[in-house]
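Structure file model28.txt (compact mmCIF, N, CA and C atoms and all ligand atoms) is printed below.
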# COMPACT_ATOMS: atom_id res chain seq x y z
N MET A 1 260.62 56.55 -52.60
CA MET A 1 259.80 55.73 -53.50
C MET A 1 260.55 54.49 -53.92
N SER A 2 259.82 53.54 -54.34
CA SER A 2 260.43 52.28 -54.76
C SER A 2 260.89 52.36 -56.20
N ASN A 3 261.68 51.41 -56.58
CA ASN A 3 262.13 51.33 -57.96
C ASN A 3 261.28 50.37 -58.76
N LEU A 4 260.08 50.14 -58.30
CA LEU A 4 259.22 49.18 -59.00
C LEU A 4 258.72 49.77 -60.31
N LYS A 5 258.66 48.91 -61.31
CA LYS A 5 258.16 49.33 -62.62
C LYS A 5 256.75 48.78 -62.79
N LEU A 6 255.99 49.48 -63.61
CA LEU A 6 254.65 48.97 -63.92
C LEU A 6 254.70 48.18 -65.22
N CYS A 7 253.97 47.09 -65.25
CA CYS A 7 253.83 46.33 -66.49
C CYS A 7 253.18 47.24 -67.53
N GLN A 8 253.68 47.20 -68.76
CA GLN A 8 253.16 48.06 -69.81
C GLN A 8 252.00 47.41 -70.58
N GLY A 9 251.57 46.26 -70.13
CA GLY A 9 250.42 45.61 -70.77
C GLY A 9 249.16 46.43 -70.57
N PRO A 10 248.47 46.78 -71.67
CA PRO A 10 247.29 47.64 -71.55
C PRO A 10 246.13 46.99 -70.79
N SER A 11 246.14 45.67 -70.67
CA SER A 11 245.05 44.98 -69.99
C SER A 11 245.50 44.24 -68.74
N CYS A 12 246.72 44.54 -68.29
CA CYS A 12 247.28 43.82 -67.14
C CYS A 12 246.30 43.79 -65.96
N HIS A 13 245.69 44.93 -65.66
CA HIS A 13 244.79 45.05 -64.51
C HIS A 13 243.49 44.27 -64.66
N THR A 14 243.22 43.77 -65.88
CA THR A 14 241.95 43.05 -66.09
C THR A 14 242.08 41.56 -65.81
N TYR A 15 243.29 41.09 -65.60
CA TYR A 15 243.48 39.67 -65.27
C TYR A 15 243.41 39.53 -63.76
N ASN A 16 242.31 38.97 -63.28
CA ASN A 16 242.09 38.97 -61.85
C ASN A 16 242.78 37.81 -61.13
N THR A 17 244.09 38.00 -60.95
CA THR A 17 244.87 37.07 -60.14
C THR A 17 245.03 37.67 -58.75
N LYS A 18 245.29 36.83 -57.76
CA LYS A 18 245.40 37.28 -56.37
C LYS A 18 246.47 38.36 -56.19
N ASP A 19 247.61 38.19 -56.90
CA ASP A 19 248.71 39.15 -56.70
C ASP A 19 248.40 40.53 -57.27
N ARG A 20 247.39 40.63 -58.12
CA ARG A 20 247.02 41.95 -58.66
C ARG A 20 245.98 42.67 -57.79
N LEU A 21 245.40 41.94 -56.84
CA LEU A 21 244.38 42.54 -55.98
C LEU A 21 245.06 43.31 -54.85
N LYS A 22 244.97 44.64 -54.90
CA LYS A 22 245.70 45.49 -53.95
C LYS A 22 244.79 46.58 -53.39
N GLY A 23 245.28 47.18 -52.30
CA GLY A 23 244.55 48.30 -51.73
C GLY A 23 244.09 47.99 -50.32
N PRO A 24 243.50 49.00 -49.67
CA PRO A 24 243.03 48.82 -48.28
C PRO A 24 241.85 47.85 -48.21
N LYS A 25 241.73 47.21 -47.09
CA LYS A 25 240.67 46.23 -46.90
C LYS A 25 239.31 46.85 -47.19
N GLY A 26 238.51 46.14 -47.93
CA GLY A 26 237.18 46.64 -48.28
C GLY A 26 237.18 47.50 -49.51
N ASN A 27 238.37 47.86 -49.98
CA ASN A 27 238.44 48.72 -51.15
C ASN A 27 239.55 48.25 -52.10
N LYS A 28 239.67 46.94 -52.20
CA LYS A 28 240.72 46.38 -53.04
C LYS A 28 240.31 46.41 -54.51
N THR A 29 241.29 46.64 -55.36
CA THR A 29 241.03 46.61 -56.80
C THR A 29 242.13 45.79 -57.49
N TYR A 30 241.79 45.26 -58.64
CA TYR A 30 242.81 44.59 -59.44
C TYR A 30 243.63 45.67 -60.12
N GLN A 31 244.95 45.60 -59.94
CA GLN A 31 245.83 46.66 -60.44
C GLN A 31 246.92 46.11 -61.35
N THR A 32 247.42 46.99 -62.18
CA THR A 32 248.57 46.67 -63.03
C THR A 32 249.71 46.15 -62.16
N ARG A 33 250.36 45.08 -62.61
CA ARG A 33 251.46 44.52 -61.82
C ARG A 33 252.63 45.49 -61.73
N ARG A 34 253.27 45.49 -60.58
CA ARG A 34 254.38 46.38 -60.27
C ARG A 34 255.50 45.51 -59.72
N ARG A 35 256.63 45.53 -60.39
CA ARG A 35 257.75 44.69 -59.94
C ARG A 35 259.07 45.37 -60.26
N SER A 36 260.12 44.88 -59.62
CA SER A 36 261.45 45.44 -59.89
C SER A 36 261.99 44.91 -61.22
N ASN A 37 261.50 43.76 -61.64
CA ASN A 37 262.02 43.12 -62.83
C ASN A 37 260.92 42.37 -63.57
N PHE A 38 260.90 42.53 -64.87
CA PHE A 38 259.98 41.74 -65.69
C PHE A 38 260.81 40.91 -66.66
N TYR A 39 260.27 39.84 -67.13
CA TYR A 39 261.05 38.94 -67.98
C TYR A 39 260.65 39.00 -69.44
N TYR A 40 259.67 39.77 -69.79
CA TYR A 40 259.19 39.77 -71.17
C TYR A 40 259.33 41.16 -71.79
N GLY A 41 259.50 41.16 -73.10
CA GLY A 41 259.51 42.42 -73.83
C GLY A 41 260.54 43.41 -73.31
N ASN A 42 261.79 42.95 -73.19
CA ASN A 42 262.86 43.85 -72.76
C ASN A 42 262.58 44.47 -71.39
N ASN A 43 262.08 43.63 -70.48
CA ASN A 43 261.85 44.05 -69.10
C ASN A 43 260.70 45.06 -68.95
N ASN A 44 259.70 44.95 -69.81
CA ASN A 44 258.56 45.87 -69.74
C ASN A 44 257.22 45.20 -69.47
N PHE A 45 257.16 43.89 -69.55
CA PHE A 45 255.88 43.19 -69.42
C PHE A 45 255.98 42.05 -68.42
N CYS A 46 254.92 41.87 -67.63
CA CYS A 46 254.94 40.85 -66.58
C CYS A 46 254.72 39.46 -67.13
N SER A 47 254.16 39.36 -68.32
CA SER A 47 253.87 38.03 -68.85
C SER A 47 253.82 38.07 -70.37
N TRP A 48 253.85 36.90 -70.95
CA TRP A 48 253.73 36.78 -72.40
C TRP A 48 252.38 37.32 -72.85
N VAL A 49 251.35 37.09 -72.04
CA VAL A 49 250.00 37.55 -72.36
C VAL A 49 249.97 39.07 -72.44
N CYS A 50 250.57 39.75 -71.46
CA CYS A 50 250.59 41.22 -71.47
C CYS A 50 251.39 41.75 -72.64
N LEU A 51 252.51 41.10 -72.96
CA LEU A 51 253.30 41.51 -74.12
C LEU A 51 252.48 41.36 -75.40
N ASN A 52 251.78 40.26 -75.49
CA ASN A 52 250.97 39.99 -76.68
C ASN A 52 249.80 40.98 -76.80
N ASP A 53 249.22 41.37 -75.65
CA ASP A 53 248.15 42.39 -75.66
C ASP A 53 248.67 43.69 -76.25
N TRP A 54 249.88 44.06 -75.84
CA TRP A 54 250.48 45.30 -76.36
C TRP A 54 250.71 45.18 -77.86
N HIS A 55 251.26 44.04 -78.29
CA HIS A 55 251.50 43.80 -79.70
C HIS A 55 250.23 43.95 -80.52
N SER A 56 249.16 43.33 -80.06
CA SER A 56 247.94 43.36 -80.88
C SER A 56 247.41 44.77 -81.07
N ILE A 57 247.64 45.64 -80.10
CA ILE A 57 247.15 47.02 -80.22
C ILE A 57 248.13 47.91 -80.97
N TYR A 58 249.43 47.76 -80.68
CA TYR A 58 250.39 48.76 -81.16
C TYR A 58 251.32 48.33 -82.29
N ILE A 59 251.28 47.08 -82.71
CA ILE A 59 252.25 46.61 -83.69
C ILE A 59 252.17 47.38 -85.01
N GLU A 60 250.97 47.66 -85.47
CA GLU A 60 250.84 48.39 -86.75
C GLU A 60 251.42 49.79 -86.64
N GLN A 61 251.10 50.48 -85.54
CA GLN A 61 251.64 51.83 -85.33
C GLN A 61 253.16 51.80 -85.23
N ALA A 62 253.69 50.80 -84.54
CA ALA A 62 255.14 50.69 -84.38
C ALA A 62 255.81 50.47 -85.73
N LEU A 63 255.27 49.60 -86.54
CA LEU A 63 255.85 49.33 -87.87
C LEU A 63 255.77 50.57 -88.75
N ASP A 64 254.65 51.28 -88.69
CA ASP A 64 254.53 52.50 -89.48
C ASP A 64 255.52 53.55 -89.00
N HIS A 65 255.69 53.62 -87.69
CA HIS A 65 256.57 54.63 -87.11
C HIS A 65 258.04 54.36 -87.43
N PHE A 66 258.49 53.12 -87.26
CA PHE A 66 259.92 52.81 -87.40
C PHE A 66 260.29 52.36 -88.81
N GLY A 67 259.31 52.16 -89.65
CA GLY A 67 259.60 51.79 -91.03
C GLY A 67 259.43 50.31 -91.27
N ARG A 68 258.66 50.02 -92.29
CA ARG A 68 258.42 48.62 -92.63
C ARG A 68 259.48 48.10 -93.59
N THR A 69 259.71 46.82 -93.56
CA THR A 69 260.55 46.18 -94.56
C THR A 69 259.72 46.10 -95.84
N THR A 70 260.22 46.73 -96.90
CA THR A 70 259.44 46.76 -98.14
C THR A 70 260.10 45.97 -99.26
N GLU A 71 261.33 45.54 -99.03
CA GLU A 71 262.02 44.68 -100.00
C GLU A 71 262.69 43.55 -99.24
N ALA A 72 262.79 42.40 -99.89
CA ALA A 72 263.45 41.27 -99.24
C ALA A 72 264.92 41.61 -99.00
N LYS A 73 265.41 41.26 -97.81
CA LYS A 73 266.83 41.43 -97.53
C LYS A 73 267.55 40.17 -97.98
N HIS A 74 268.83 40.30 -98.26
CA HIS A 74 269.61 39.16 -98.73
C HIS A 74 270.81 38.93 -97.82
N LEU A 75 271.00 37.70 -97.40
CA LEU A 75 272.18 37.35 -96.63
C LEU A 75 273.31 37.04 -97.61
N THR A 76 274.38 37.84 -97.51
CA THR A 76 275.53 37.65 -98.39
C THR A 76 276.79 37.53 -97.54
N GLU A 77 277.91 37.28 -98.16
CA GLU A 77 279.18 37.21 -97.42
C GLU A 77 279.46 38.51 -96.69
N GLN A 78 278.94 39.62 -97.22
CA GLN A 78 279.23 40.93 -96.64
C GLN A 78 278.44 41.22 -95.36
N ASN A 79 277.34 40.51 -95.13
CA ASN A 79 276.57 40.80 -93.92
C ASN A 79 276.27 39.53 -93.12
N ALA A 80 277.11 38.52 -93.26
CA ALA A 80 276.86 37.23 -92.60
C ALA A 80 277.72 37.03 -91.35
N TRP A 81 278.32 38.11 -90.83
CA TRP A 81 279.16 37.98 -89.63
C TRP A 81 278.31 37.98 -88.37
N VAL A 82 278.50 37.00 -87.52
CA VAL A 82 277.83 36.95 -86.21
C VAL A 82 278.88 36.74 -85.13
N LYS A 83 278.57 37.21 -83.94
CA LYS A 83 279.51 37.10 -82.84
C LYS A 83 279.27 35.83 -82.03
N GLY A 84 280.33 35.32 -81.45
CA GLY A 84 280.21 34.14 -80.59
C GLY A 84 281.39 34.07 -79.65
N TYR A 85 281.39 33.07 -78.83
CA TYR A 85 282.53 32.87 -77.93
C TYR A 85 282.67 31.40 -77.58
N ASP A 86 283.88 31.05 -77.20
CA ASP A 86 284.16 29.69 -76.73
C ASP A 86 284.67 29.79 -75.30
N TRP A 87 284.11 28.96 -74.44
CA TRP A 87 284.56 28.94 -73.05
C TRP A 87 285.46 27.74 -72.87
N HIS A 88 286.67 28.01 -72.39
CA HIS A 88 287.60 26.91 -72.15
C HIS A 88 287.61 26.59 -70.66
N HIS A 89 287.04 25.46 -70.32
CA HIS A 89 286.86 25.09 -68.91
C HIS A 89 288.18 24.91 -68.18
N ILE A 90 289.18 24.36 -68.86
CA ILE A 90 290.45 24.06 -68.18
C ILE A 90 291.19 25.35 -67.82
N THR A 91 291.27 26.27 -68.78
CA THR A 91 291.98 27.52 -68.50
C THR A 91 291.05 28.58 -67.92
N ASP A 92 289.72 28.31 -67.91
CA ASP A 92 288.72 29.25 -67.42
C ASP A 92 288.80 30.58 -68.18
N GLU A 93 289.03 30.49 -69.48
CA GLU A 93 289.11 31.68 -70.31
C GLU A 93 288.03 31.66 -71.39
N CYS A 94 287.62 32.88 -71.73
CA CYS A 94 286.60 33.02 -72.75
C CYS A 94 287.25 33.66 -73.97
N GLN A 95 287.11 33.02 -75.11
CA GLN A 95 287.65 33.59 -76.34
C GLN A 95 286.50 34.00 -77.25
N HIS A 96 286.47 35.30 -77.57
CA HIS A 96 285.40 35.84 -78.42
C HIS A 96 285.83 35.80 -79.87
N HIS A 97 284.86 35.64 -80.72
CA HIS A 97 285.16 35.62 -82.15
C HIS A 97 283.97 36.09 -82.95
N THR A 98 284.20 36.32 -84.22
CA THR A 98 283.11 36.57 -85.14
C THR A 98 283.28 35.57 -86.26
N ILE A 99 282.16 35.03 -86.71
CA ILE A 99 282.22 33.99 -87.74
C ILE A 99 281.27 34.37 -88.87
N ASN A 100 281.74 34.15 -90.08
CA ASN A 100 280.91 34.41 -91.25
C ASN A 100 280.09 33.15 -91.53
N THR A 101 278.77 33.27 -91.42
CA THR A 101 277.92 32.08 -91.53
C THR A 101 277.87 31.53 -92.95
N ILE A 102 278.37 32.28 -93.92
CA ILE A 102 278.39 31.77 -95.30
C ILE A 102 279.76 31.16 -95.63
N THR A 103 280.83 31.94 -95.39
CA THR A 103 282.16 31.43 -95.74
C THR A 103 282.76 30.56 -94.64
N LYS A 104 282.20 30.63 -93.41
CA LYS A 104 282.69 29.93 -92.22
C LYS A 104 284.02 30.49 -91.72
N GLU A 105 284.49 31.61 -92.30
CA GLU A 105 285.71 32.24 -91.81
C GLU A 105 285.49 32.74 -90.39
N GLN A 106 286.47 32.54 -89.54
CA GLN A 106 286.37 32.97 -88.15
C GLN A 106 287.52 33.89 -87.82
N ARG A 107 287.22 35.00 -87.14
CA ARG A 107 288.25 35.96 -86.73
C ARG A 107 288.10 36.24 -85.25
N PRO A 108 289.23 36.43 -84.55
CA PRO A 108 289.15 36.71 -83.11
C PRO A 108 288.63 38.12 -82.84
N LEU A 109 287.96 38.29 -81.72
CA LEU A 109 287.47 39.59 -81.27
C LEU A 109 287.99 39.84 -79.86
N THR A 110 288.21 41.10 -79.53
CA THR A 110 288.48 41.43 -78.13
C THR A 110 287.13 41.41 -77.41
N GLU A 111 287.18 41.36 -76.09
CA GLU A 111 285.94 41.37 -75.33
C GLU A 111 285.18 42.67 -75.57
N GLU A 112 285.91 43.76 -75.73
CA GLU A 112 285.28 45.06 -75.98
C GLU A 112 284.53 45.05 -77.32
N GLN A 113 285.18 44.47 -78.33
CA GLN A 113 284.52 44.39 -79.63
C GLN A 113 283.27 43.50 -79.55
N TYR A 114 283.38 42.43 -78.77
CA TYR A 114 282.27 41.51 -78.61
C TYR A 114 281.07 42.19 -77.95
N THR A 115 281.32 42.98 -76.90
CA THR A 115 280.21 43.60 -76.17
C THR A 115 279.71 44.89 -76.82
N ASP A 116 280.49 45.47 -77.71
CA ASP A 116 280.07 46.69 -78.41
C ASP A 116 279.00 46.34 -79.44
N ARG A 117 277.77 46.76 -79.18
CA ARG A 117 276.65 46.40 -80.06
C ARG A 117 276.83 46.99 -81.46
N ASP A 118 277.59 48.06 -81.58
CA ASP A 118 277.78 48.69 -82.88
C ASP A 118 278.93 48.08 -83.67
N TYR A 119 279.80 47.31 -83.00
CA TYR A 119 280.94 46.75 -83.71
C TYR A 119 280.50 45.54 -84.53
N THR A 120 280.80 45.59 -85.82
CA THR A 120 280.49 44.46 -86.69
C THR A 120 281.39 44.52 -87.91
N LEU A 121 281.59 43.38 -88.52
CA LEU A 121 282.33 43.34 -89.79
C LEU A 121 281.35 43.43 -90.95
N ASN A 122 280.06 43.40 -90.65
CA ASN A 122 279.05 43.47 -91.71
C ASN A 122 279.10 44.84 -92.39
N THR A 123 278.99 44.83 -93.70
CA THR A 123 279.07 46.09 -94.44
C THR A 123 277.75 46.49 -95.06
N ASN A 124 276.74 45.67 -94.93
CA ASN A 124 275.41 46.12 -95.39
C ASN A 124 274.31 45.39 -94.66
ZN ZN B 201 251.12 42.62 -67.02
Take the structure I supplied and represent it as structure tokens, if you would.
Amino acid sequence: MSNLKLCQGPSCHTYNTKDRLKGPKGNKTYQTRRRSNFYYGNNNFCSWVCLNDWHSIYIEQALDHFGRTTEAKHLTEQNAWVKGYDWHHITDECQHHTINTITKEQRPLTEEQYTDRDYTLNTN
């Protein structure tokens, strides 16, 4: 079998483009797009339209399921750290860092710390 993924757009098959028309001659139907790679919605949707179709149907359920923001969040010195890097063309080296967007303090990071999604200096 192929490693092709199906677009998760609930109405993908209803957009009658030539590339969606598949099947044996005389019995072709418009079908959900199938590709090895999609560029929208974390590699799950073939187009912005399909991603938006999914949003309009499922966004309320998703928010209820994962929890809604019920109080305003505050950006403080304790949670203002973001990761970044500088590429030095002459030495061909990449230096990773974390910078506090409020205090502007910058600290070096190892590449491992930079790529670790859980690593942060933020405390809340
Ligand atoms: Zn689609």
Residues of chain A at most 6 Å from ligand ZN 201 (chain B): nearest atom pair and distance in Å, only N, CA and C atoms and all ligand atoms, as a tab-separated table:
residue	atom	partner	partner_atom	distance
A:Cys7	CA	B:ZN201	ZN	4.6
A:Gln8	N	B:ZN201	ZN	5.5
A:Gly9	N	B:ZN201	ZN	4.8
A:Cys12	CA	B:ZN201	ZN	4.0
A:Arg33	N	B:ZN201	ZN	5.1
A:Phe45	C	B:ZN201	ZN	5.1
A:Cys46	N	B:ZN201	ZN	3.9
A:Ser47	N	B:ZN201	ZN	4.6
A:Cys50	CA	B:ZN201	ZN	4.7
Measuring atom to atom with only N, CA and C atoms, identify which of A:Gln95, A:Ile59, A:Glu77, A:Gln106 is nearest to Thr123 in chain A. A:Glu77
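For the set A:Arg35, A:Asp92, A:Ser11, A:Asn122, the residue with the smallest atom-to-atom gap to Asn79 in chain A is A:Asn122, counting all atoms listed in the file.
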At a cut-off of 8 Å, using only N, CA and C atoms, what residues contact Asp86 in chain A? Leave out same-chain residues fewer than 3 positions from it and give the result as a tab-separated table (two decimals) with N, CA and C atoms, in the coordinates of the input.
chain	number	residue	atom	x	y	z
A	89	HIS	N	287.04	25.46	-70.32
A	89	HIS	CA	286.86	25.09	-68.91
A	89	HIS	C	288.18	24.91	-68.18
A	93	GLU	N	289.03	30.49	-69.48
A	93	GLU	CA	289.11	31.68	-70.31
A	93	GLU	C	288.03	31.66	-71.39
A	94	CYS	N	287.62	32.88	-71.73
A	94	CYS	CA	286.60	33.02	-72.75
A	94	CYS	C	287.25	33.66	-73.97
A	95	GLN	N	287.11	33.02	-75.11
A	95	GLN	CA	287.65	33.59	-76.34
A	95	GLN	C	286.50	34.00	-77.25
A	96	HIS	N	286.47	35.30	-77.57
A	96	HIS	CA	285.40	35.84	-78.42
A	96	HIS	C	285.83	35.80	-79.87
A	97	HIS	N	284.86	35.64	-80.72
A	97	HIS	CA	285.16	35.62	-82.15
A	97	HIS	C	283.97	36.09	-82.95
What's the 7 Å shell around range 13-21 of chain A, counting only C-alpha atoms, without same-chain residues fewer than 4 positions away, as a ChimeraX atom specification? /A:28-33
All strand (DSSP E or B) positions in range 22-107 of chain A, as a list in words: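 Restricting range 22-107 of chain A to strand (DSSP E or B) produces Lys22, Thr29, Tyr30, Arg34, Arg35, Tyr40, Phe45, Trp81, Val82, Lys83, Gly84, Tyr85, Asp86, Trp87, His88, Glu93, Cys94, Gln95, His96, His97, Thr98, Ile99, Asn100, Gln106 and Arg107 of chain A.
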What is the distance between CA of Arg68 in chain A and CA of Leu6 in chain A, in Å to one decimal? 29.0 Å
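Nearest residue to Tyr85 in chain A, choosing from A:Trp54, A:Trp48, A:Phe38, A:Tyr114 and counting only C-alpha atoms: A:Tyr114.
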Select from chain A everything DSSP, run on the backbone, classes as alpha helix (DSSP H), then give the selection as a ChimeraX atom specification. /A:48-66,111-115
Between A:Lys22, A:His88, A:His74, A:His55, which residue has the minimum interatomic distance to Asn124 in chain A, considering all atoms listed in the file?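 Once distances to Asn124 in chain A are computed over all atoms listed in the file, the minimum belongs to A:His74.
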Quote the spacing between atom N of Ile102 in chain A and atom N of Trp81 in chain A in Å to one decimal place. 6.6 Å
In terms of the shortest atom-to-atom distance over only C-alpha atoms, which of A:Glu111, A:Gly41, A:Leu121, A:Ala62 is closest to Ile99 in chain A?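 The answer is A:Leu121, which sits nearest to Ile99 in chain A.
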